[in-house]
>>> print(open('run_36.cif').read())   # mmCIF, C-alpha atoms (C1' of nucleotides)
data_entry
loop_
_atom_site.label_atom_id
_atom_site.label_comp_id
_atom_site.auth_asym_id
_atom_site.auth_seq_id
_atom_site.Cartn_x
_atom_site.Cartn_y
_atom_site.Cartn_z
CA MET A 1 0.74 -0.07 6.52
CA PRO A 2 -1.24 3.05 6.64
CA GLU A 3 -4.60 3.70 5.15
CA LEU A 4 -6.33 7.00 5.69
CA PRO A 5 -7.38 6.34 9.30
CA GLU A 6 -3.80 5.44 10.25
CA VAL A 7 -2.45 8.59 8.61
CA GLU A 8 -5.07 10.71 10.33
CA THR A 9 -4.28 9.02 13.64
CA THR A 10 -0.61 9.82 13.10
CA ARG A 11 -1.46 13.44 12.28
CA ARG A 12 -3.50 13.82 15.43
CA GLY A 13 -0.76 12.20 17.46
CA ILE A 14 2.10 14.40 16.30
CA ALA A 15 0.33 17.72 15.66
CA PRO A 16 0.10 18.86 19.31
CA LEU A 17 3.73 17.87 19.86
CA ILE A 18 5.33 19.72 16.97
CA GLU A 19 3.00 22.56 15.99
CA ASP A 20 4.73 25.87 16.80
CA ALA A 21 7.97 24.02 17.49
CA VAL A 22 11.16 24.97 15.67
CA ILE A 23 13.23 22.37 13.83
CA VAL A 24 16.68 22.45 15.38
CA ARG A 25 18.21 20.10 12.87
CA VAL A 26 17.40 17.25 10.51
CA ILE A 27 19.27 13.97 10.29
CA VAL A 28 18.86 11.83 7.17
CA ARG A 29 20.37 8.36 7.43
CA ASP A 30 19.03 6.93 4.19
CA ARG A 31 17.85 9.06 1.29
CA ARG A 32 16.60 6.09 -0.76
CA LEU A 33 12.86 6.36 -0.30
CA ARG A 34 10.40 6.02 -3.18
CA TRP A 35 11.92 9.21 -4.49
CA PRO A 36 15.27 10.35 -3.18
CA VAL A 37 15.06 12.63 -0.17
CA PRO A 38 15.99 16.13 -1.46
CA PRO A 39 19.70 16.76 -1.00
CA ASP A 40 19.03 20.12 0.63
CA LEU A 41 16.38 18.88 3.07
CA GLU A 42 18.55 19.35 6.15
CA GLN A 43 19.58 22.85 5.16
CA ARG A 44 16.13 23.96 4.04
CA LEU A 45 14.37 22.88 7.22
CA ALA A 46 16.80 23.91 9.94
CA GLY A 47 15.43 26.83 11.94
CA GLN A 48 11.92 26.67 10.51
CA ARG A 49 8.82 26.58 12.66
CA ILE A 50 6.00 24.08 12.10
CA GLN A 51 2.95 26.21 11.45
CA ALA A 52 0.48 23.38 10.92
CA VAL A 53 0.27 19.62 10.44
CA GLN A 54 -2.34 18.80 7.84
CA ARG A 55 -3.44 15.79 5.81
CA ARG A 56 -4.45 15.46 2.17
CA ALA A 57 -5.32 11.93 1.06
CA LYS A 58 -2.63 9.80 2.71
CA TYR A 59 -0.08 12.59 2.59
CA LEU A 60 0.93 14.43 5.73
CA LEU A 61 1.67 18.07 4.97
CA LEU A 62 3.79 20.08 7.36
CA ARG A 63 3.39 23.78 6.73
CA LEU A 64 6.63 25.53 7.57
CA ASP A 65 7.71 29.19 7.51
CA ASP A 66 8.70 29.29 3.86
CA CYS A 67 7.89 25.89 2.35
CA GLU A 68 5.86 22.74 2.89
CA LEU A 69 7.04 19.25 3.73
CA ILE A 70 5.20 16.36 2.08
CA VAL A 71 5.39 12.99 3.85
CA HIS A 72 3.87 9.72 2.66
CA LEU A 73 4.21 6.60 4.79
CA GLY A 74 3.87 4.19 1.89
CA MET A 75 3.09 0.65 2.89
CA SER A 76 5.26 0.25 5.97
CA GLY A 77 6.13 3.73 7.26
CA SER A 78 5.46 5.25 10.65
CA LEU A 79 6.26 8.47 12.48
CA ARG A 80 6.96 8.54 16.17
CA PHE A 81 7.75 11.39 18.52
CA LEU A 82 10.46 10.52 21.02
CA GLU A 83 10.73 12.66 24.12
CA GLU A 84 13.97 11.01 25.26
CA PRO A 85 17.14 10.57 23.21
CA THR A 86 16.87 7.14 21.61
CA PRO A 87 19.49 5.43 19.46
CA PRO A 88 18.23 4.91 15.92
CA GLY A 89 17.34 1.38 14.90
CA ALA A 90 16.99 -0.38 11.59
CA HIS A 91 15.01 1.62 9.00
CA ASP A 92 14.97 4.81 11.08
CA HIS A 93 15.70 6.95 8.04
CA ILE A 94 15.01 10.53 9.13
CA ASP A 95 14.95 12.50 12.41
CA TRP A 96 13.50 15.97 12.83
CA VAL A 97 15.04 17.25 16.06
CA PHE A 98 13.13 19.77 18.18
CA ALA A 99 13.93 21.28 21.56
CA ASN A 100 11.35 19.02 23.23
CA GLY A 101 12.07 15.77 21.37
CA THR A 102 12.56 14.10 18.02
CA LEU A 103 10.15 13.11 15.28
CA ARG A 104 11.48 9.93 13.67
CA LEU A 105 10.50 8.31 10.38
CA ASN A 106 10.79 4.53 10.17
CA ASP A 107 10.00 2.77 6.90
CA PRO A 108 11.30 -0.77 6.27
CA ARG A 109 10.06 -1.09 2.71
CA ARG A 110 10.95 2.49 1.75
CA PHE A 111 7.78 2.93 -0.31
CA GLY A 112 7.16 6.21 1.49
CA CYS A 113 8.50 9.61 0.51
CA VAL A 114 9.63 12.90 2.01
CA LEU A 115 9.55 15.84 -0.38
CA LEU A 116 9.67 19.63 -0.33
CA ALA A 117 7.24 21.95 -2.09
CA ASN A 118 6.52 25.64 -2.16
CA LYS A 119 2.80 24.91 -2.16
CA ALA A 120 1.92 21.27 -1.51
CA ASP A 121 -1.50 21.49 -3.14
CA ARG A 122 0.18 22.43 -6.42
CA HIS A 123 2.68 19.57 -6.24
CA ARG A 124 2.30 17.06 -9.05
CA LEU A 125 1.52 14.20 -6.64
CA ILE A 126 -1.26 16.15 -4.98
CA ALA A 127 -2.72 18.59 -7.49
CA ASP A 128 -4.78 16.02 -9.41
CA LEU A 129 -6.14 13.98 -6.51
CA GLY A 130 -9.85 13.28 -6.15
CA PRO A 131 -12.03 14.51 -3.30
CA GLU A 132 -11.63 13.50 0.32
CA PRO A 133 -14.11 10.72 1.13
CA LEU A 134 -15.28 12.41 4.32
CA GLU A 135 -15.90 15.79 2.68
CA ALA A 136 -19.07 16.95 0.97
CA ASP A 137 -17.57 17.02 -2.52
CA PHE A 138 -17.51 13.21 -2.50
CA SER A 139 -21.18 13.42 -3.38
CA LEU A 140 -23.62 11.11 -5.11
CA ASP A 141 -23.67 13.27 -8.22
CA TYR A 142 -19.88 13.31 -8.31
CA LEU A 143 -19.52 9.54 -7.91
CA GLN A 144 -22.21 8.77 -10.45
CA GLN A 145 -20.44 11.01 -12.94
CA ALA A 146 -17.09 9.37 -12.16
CA CYS A 147 -18.60 5.90 -12.75
CA ARG A 148 -20.48 6.77 -15.93
CA GLY A 149 -19.35 4.62 -18.83
CA ARG A 150 -16.53 3.05 -16.85
CA ARG A 151 -16.04 -0.68 -17.30
CA VAL A 152 -13.40 -0.97 -14.60
CA ALA A 153 -14.36 -2.99 -11.52
CA ILE A 154 -15.91 -0.86 -8.79
CA LYS A 155 -13.27 -1.93 -6.29
CA GLN A 156 -10.48 -0.68 -8.50
CA LEU A 157 -12.30 2.56 -9.18
CA LEU A 158 -12.79 3.04 -5.44
CA MET A 159 -9.06 2.60 -4.89
CA ASN A 160 -8.16 5.07 -7.64
CA ALA A 161 -6.93 8.23 -5.92
CA HIS A 162 -7.93 10.32 -8.91
CA VAL A 163 -11.55 9.35 -8.22
CA VAL A 164 -11.55 9.48 -4.42
CA VAL A 165 -8.56 9.47 -2.08
CA GLY A 166 -7.81 7.49 1.00
CA VAL A 167 -9.66 4.25 0.32
CA GLY A 168 -7.08 1.49 0.49
CA ASN A 169 -7.43 -2.24 0.20
CA ILE A 170 -8.89 -2.99 3.61
CA TYR A 171 -11.55 -0.32 3.48
CA ALA A 172 -12.44 -0.92 -0.15
CA ASN A 173 -13.18 -4.55 0.73
CA GLU A 174 -15.12 -3.68 3.86
CA ALA A 175 -17.12 -0.86 2.29
CA LEU A 176 -18.21 -3.02 -0.65
CA PHE A 177 -19.36 -5.72 1.74
CA ARG A 178 -21.40 -3.23 3.73
CA ALA A 179 -22.90 -1.81 0.57
CA GLY A 180 -23.70 -5.30 -0.81
CA ILE A 181 -21.84 -4.62 -4.05
CA HIS A 182 -19.73 -7.24 -5.82
CA PRO A 183 -16.14 -5.98 -6.09
CA ARG A 184 -15.92 -7.03 -9.74
CA ARG A 185 -19.06 -5.24 -10.84
CA ALA A 186 -18.39 -2.71 -13.58
CA ALA A 187 -18.45 0.77 -12.06
CA GLY A 188 -20.75 2.06 -14.80
CA ARG A 189 -23.38 -0.58 -14.06
CA ILE A 190 -24.33 0.34 -10.52
CA SER A 191 -27.59 2.09 -9.75
CA ARG A 192 -27.70 5.50 -8.13
CA ASP A 193 -29.25 4.05 -4.98
CA ARG A 194 -26.46 1.57 -4.59
CA LEU A 195 -23.80 4.22 -5.19
CA GLN A 196 -25.31 6.18 -2.33
CA ARG A 197 -25.05 3.09 -0.14
CA LEU A 198 -21.43 2.80 -1.15
CA ILE A 199 -20.64 6.40 -0.22
CA THR A 200 -22.28 5.87 3.14
CA ALA A 201 -20.38 2.61 3.67
CA VAL A 202 -17.02 4.19 2.83
CA ARG A 203 -17.64 6.99 5.31
CA GLU A 204 -18.79 4.58 7.99
CA VAL A 205 -15.76 2.31 7.86
CA LEU A 206 -13.32 5.23 7.71
CA ASN A 207 -14.99 7.12 10.54
CA GLU A 208 -15.26 4.08 12.76
CA SER A 209 -11.62 3.32 12.25
CA ILE A 210 -10.51 6.90 12.94
CA GLU A 211 -12.59 6.93 16.11
CA HIS A 212 -10.77 3.83 17.25
CA GLY A 213 -7.31 5.11 16.46
CA GLY A 214 -6.76 3.32 13.18
CA THR A 215 -6.61 -0.38 12.60
CA THR A 216 -3.49 -2.26 13.53
CA LEU A 217 -2.26 -4.82 11.11
CA ARG A 218 1.07 -6.18 12.16
CA ASP A 219 2.98 -3.11 13.22
CA PHE A 220 1.08 0.16 13.09
CA VAL A 221 1.82 2.63 15.86
CA GLY A 222 0.31 6.09 16.22
CA GLY A 223 2.42 9.23 16.43
CA ASP A 224 2.55 8.97 20.19
CA GLY A 225 3.96 5.46 19.95
CA ARG A 226 0.84 3.69 21.16
CA PRO A 227 -0.40 0.95 18.91
CA GLY A 228 -3.76 1.46 17.29
CA TYR A 229 -6.36 -0.93 18.58
CA PHE A 230 -7.97 -3.40 16.31
CA ARG A 231 -11.51 -2.48 17.20
CA ILE A 232 -13.09 -2.00 13.85
CA GLU A 233 -14.42 -5.39 13.04
CA LEU A 234 -13.32 -6.62 9.65
CA LYS A 235 -16.16 -8.57 8.07
CA VAL A 236 -14.37 -9.87 4.98
CA TYR A 237 -10.74 -8.72 4.88
CA GLU A 238 -8.38 -11.68 5.38
CA ARG A 239 -11.36 -13.88 6.16
CA ALA A 240 -11.21 -16.21 3.15
CA GLY A 241 -12.95 -19.48 3.90
CA TYR A 242 -14.70 -18.24 7.03
CA ALA A 243 -18.46 -17.93 7.10
CA CYS A 244 -20.02 -14.62 6.12
CA GLU A 245 -21.50 -13.18 9.30
CA ARG A 246 -24.65 -12.22 7.49
CA CYS A 247 -25.48 -15.37 5.55
CA GLY A 248 -22.94 -18.06 6.41
CA THR A 249 -21.54 -18.46 2.90
CA PRO A 250 -17.74 -18.87 2.92
CA ILE A 251 -15.90 -15.62 2.15
CA ARG A 252 -14.04 -15.78 -1.15
CA ARG A 253 -10.64 -14.45 -2.03
CA ILE A 254 -9.80 -13.32 -5.54
CA VAL A 255 -7.10 -11.05 -6.96
CA GLN A 256 -7.82 -7.73 -8.70
CA GLY A 257 -5.02 -5.52 -9.90
CA GLN A 258 -2.52 -7.64 -7.96
CA ARG A 259 -4.40 -6.95 -4.73
CA ALA A 260 -6.36 -9.42 -2.65
CA THR A 261 -10.12 -8.99 -2.74
CA TYR A 262 -12.45 -10.62 -0.21
CA TYR A 263 -16.19 -10.79 -0.58
CA CYS A 264 -19.35 -12.75 0.01
CA ALA A 265 -20.70 -14.07 -3.28
CA ARG A 266 -24.21 -14.22 -1.87
CA CYS A 267 -24.47 -10.86 -0.12
CA GLN A 268 -22.58 -8.90 -2.76
CA ARG A 269 -24.03 -8.58 -6.24
"C1'" DA B 1 -9.16 8.18 -22.26
"C1'" DT B 2 -8.98 3.79 -20.13
"C1'" DC B 3 -6.89 -0.30 -18.52
"C1'" DG B 4 -3.73 -3.75 -16.81
"C1'" DG B 5 0.63 -4.93 -15.32
"C1'" DG B 6 5.30 -4.00 -13.62
"C1'" DA B 7 8.00 -1.66 -10.59
"C1'" DC B 8 9.84 -0.06 -6.19
"C1'" DC B 9 11.48 -2.66 -1.11
"C1'" DT B 10 11.84 -5.58 3.38
"C1'" DG B 11 9.99 -8.84 6.52
"C1'" DC B 12 6.93 -12.27 7.96
"C1'" DT B 13 4.53 -16.72 7.33
"C1'" DT B 14 4.02 -20.98 5.10
"C1'" DG B 15 5.27 -25.26 3.09
"C1'" DC B 16 8.56 -28.52 1.42
"C1'" DT C 1 16.28 -26.52 11.04
"C1'" DG C 2 16.82 -24.33 6.58
"C1'" DC C 3 15.46 -22.36 2.51
"C1'" DA C 4 12.44 -20.64 -1.10
"C1'" DA C 5 8.09 -19.01 -2.31
"C1'" DG C 6 4.28 -16.23 -1.46
"C1'" DC C 7 2.22 -12.40 0.50
"C1'" DA C 8 1.59 -7.67 2.76
"C1'" DG C 9 -1.58 -1.65 4.43
"C1'" DG C 10 0.50 2.19 -1.69
"C1'" DT C 11 0.58 4.20 -6.06
"C1'" DC C 12 3.31 5.87 -10.04
"C1'" DC C 13 4.28 5.01 -14.65
"C1'" DC C 14 4.45 2.63 -18.92
"C1'" DG C 15 2.66 0.43 -22.98
"C1'" DA C 16 -1.35 -1.47 -25.32
#
>>> encode(input="run_36.cif", output="structure tokens")
Amino acid sequence: MPELPEVETTRRGIAPLIEDAVIVRVIVRDRRLRWPVPPDLEQRLAGQRIQAVQRRAKYLLLRLDDCELIVHLGMSGSLRFLEEPTPPGAHDHIDWVFANGTLRLNDPRRFGCVLLANKADRHRLIADLGPEPLEADFSLDYLQQACRGRRVAIKQLLMNAHVVVGVGNIYANEALFRAGIHPRRAAGRISRDRLQRLITAVREVLNESIEHGGTTLRDFVGGDGRPGYFRIELKVYERAGYACERCGTPIRRIVQGQRATYYCARCQR
DNA sequence: ATCGGGACCTGCTTGC
DNA sequence: TGCAAGCAGGTCCCGA
């Protein structure tokens, strides 16, 4: 489910509700996430105050009094804050209970994870990540260096979190369309000018989506329980066979790295 | 070092 | 109507 805008939307939704709140208790109903939920999670978290709710890549980081909680929503996860007592439903794996309500993790596919760390930015999943796409260190010089000599397709490089974080399948497709770059083009064979267009395109699609509360595909809901609105217009994603809005050529669908790629063969070179 | 593919799961849609 | 196949927003890890 979530790409970066959805995770950021979730962060913004839950932060004002749980920052400064104290965890009364934690209920884990199913520990079988991508990695097992730590056996001492309940004990470690009880009584701790949430100092801050931050995001790094698609990870939500909850800074607590004496440790940090790392949460990834995987492909199908969501966090909701419930003000009223609500019976848990299918796939409601974890509750964090506060005096003013409950933060509940739901994740049907269980590709997400909930982990503990002393310092999240030194955790093995996070320490080696690339720059944030919306920060200045995702610069033209950086990207050109990262592409140099690489024969991998630009779309796959763009989705590699060690190069740049937070660009998932939807936004990789949309950004490449906006930048006019063919998704299969070798990363090392793209001019500096076109890499700059790509950086701009990535930032545009992510920012537009964040402004609109994240895209909704199927079942995304923000931290406050309201669905995101599908206001960012997808120009190629899931549009195979439809006419390209720019030139009328039918959008093509191919597969790269077991992921669907959509593009216009005329506009993207 | 780089890369491609398999793996982890459930649920929805599609086609026979 | 029922059932199987195919597909889905992520990303780690292995072997070549």
>>> closest_atom_pairs(input="run_36.cif", of="chain B", to="chain A", cutoff="10 Å", atoms="all atoms listed in the file", output="JSON lines")
{"residue": "B:DT2", "atom": "C1'", "partner": "A:Arg150", "partner_atom": "CA", "distance": 8.3}
{"residue": "B:DC3", "atom": "C1'", "partner": "A:Val152", "partner_atom": "CA", "distance": 7.6}
{"residue": "B:DG4", "atom": "C1'", "partner": "A:Gly257", "partner_atom": "CA", "distance": 7.2}
{"residue": "B:DG5", "atom": "C1'", "partner": "A:Gly257", "partner_atom": "CA", "distance": 7.9}
{"residue": "B:DC8", "atom": "C1'", "partner": "A:Arg34", "partner_atom": "CA", "distance": 6.8}
{"residue": "B:DC9", "atom": "C1'", "partner": "A:Arg109", "partner_atom": "CA", "distance": 4.4}
{"residue": "B:DT10", "atom": "C1'", "partner": "A:Arg109", "partner_atom": "CA", "distance": 4.9}
{"residue": "B:DG11", "atom": "C1'", "partner": "A:Pro108", "partner_atom": "CA", "distance": 8.2}
{"residue": "B:DC12", "atom": "C1'", "partner": "A:Arg218", "partner_atom": "CA", "distance": 9.4}
>>> residues_around(input="run_36.cif", residues="segment 153-161 of chain A", least_positions_apart="2", cutoff="6 Å", atoms="only C-alpha atoms (C1' of nucleotides)", output="PyMOL selection string")
chain A and resi 129-130+163-165+167-168+183-187
>>> resolve_selection(input="run_36.cif", expression="the PyMOL selection byres ((chain C and resi 8-15) around 7)", output="MDAnalysis selection string")
(chainID A and resid 1:3 74:75) or (chainID C and resid 7 16)
>>> residues_around(input="run_36.cif", residues="Ile27 of chain A", least_positions_apart="5", cutoff="7 Å", atoms="only C-alpha atoms (C1' of nucleotides)", output="list in words")
Glu42, Ile94, Asp95 and Trp96 of chain A
>>> resolve_selection(input="run_36.cif", expression="the PyMOL selection byres ((chain C and resi 3) around 12)", output="VMD selection string")
(chain B and resid 14 to 16) or (chain C and resid 1 to 2 4 to 5)
>>> atom_distance(input="run_36.cif", atom1="atom CA of Val28 of chain A", atom2="atom CA of Cys67 of chain A")
18.5 Å
>>> atom_distance(input="run_36.cif", atom1="atom CA of Asp30 of chain A", atom2="atom CA of Ile126 of chain A")
24.1 Å
>>> residues_near_point(input="run_36.cif", point="(17.9, 23.6, 15.5)", cutoff="8 Å", atoms="all atoms listed in the file", output="list in words")
Val22, Ile23, Val24, Arg25, Ala46, Gly47, Val97, Phe98 and Ala99 of chain A
>>> atom_distance(input="run_36.cif", atom1="atom CA of Arg29 of chain A", atom2="atom CA of Arg122 of chain A")
28.2 Å
>>> closest_residue(input="run_36.cif", among="A:Pro133, A:Gly89, A:Gly188, A:Gly214", to="chain C", atoms="all atoms listed in the file")
A:Gly214
>>> closest_residue(input="run_36.cif", among="A:Ala117, A:Val71, A:Ala240, A:Leu125", to="chain C", atoms="only C-alpha atoms (C1' of nucleotides)")
A:Leu125
>>> axis_aligned_box(input="run_36.cif", around="segment 2-14 of chain C", padding_each_side="8 Å", output="AutoDock Vina command-line options")
--center_x 7.6 --center_y -9.2 --center_z -6.2 --size_x 34.4 --size_y 46.2 --size_z 41.5
>>> resolve_selection(input="run_36.cif", expression="the PyMOL selection byres ((chain A and resi 202) around 10)", output="number ranges by chain")
A: 133-134, 158, 166-167, 171-176, 178-179, 196-201, 203-207
>>> closest_residue(input="run_36.cif", among="A:Pro36, A:Gly180, A:Gly13, A:Gly77", to="chain C", atoms="all atoms listed in the file")
A:Gly77
>>> closest_residue(input="run_36.cif", among="A:Leu73, A:Leu64, A:Leu115, A:Ala21", to="chain C", atoms="only C-alpha atoms (C1' of nucleotides)")
A:Leu73
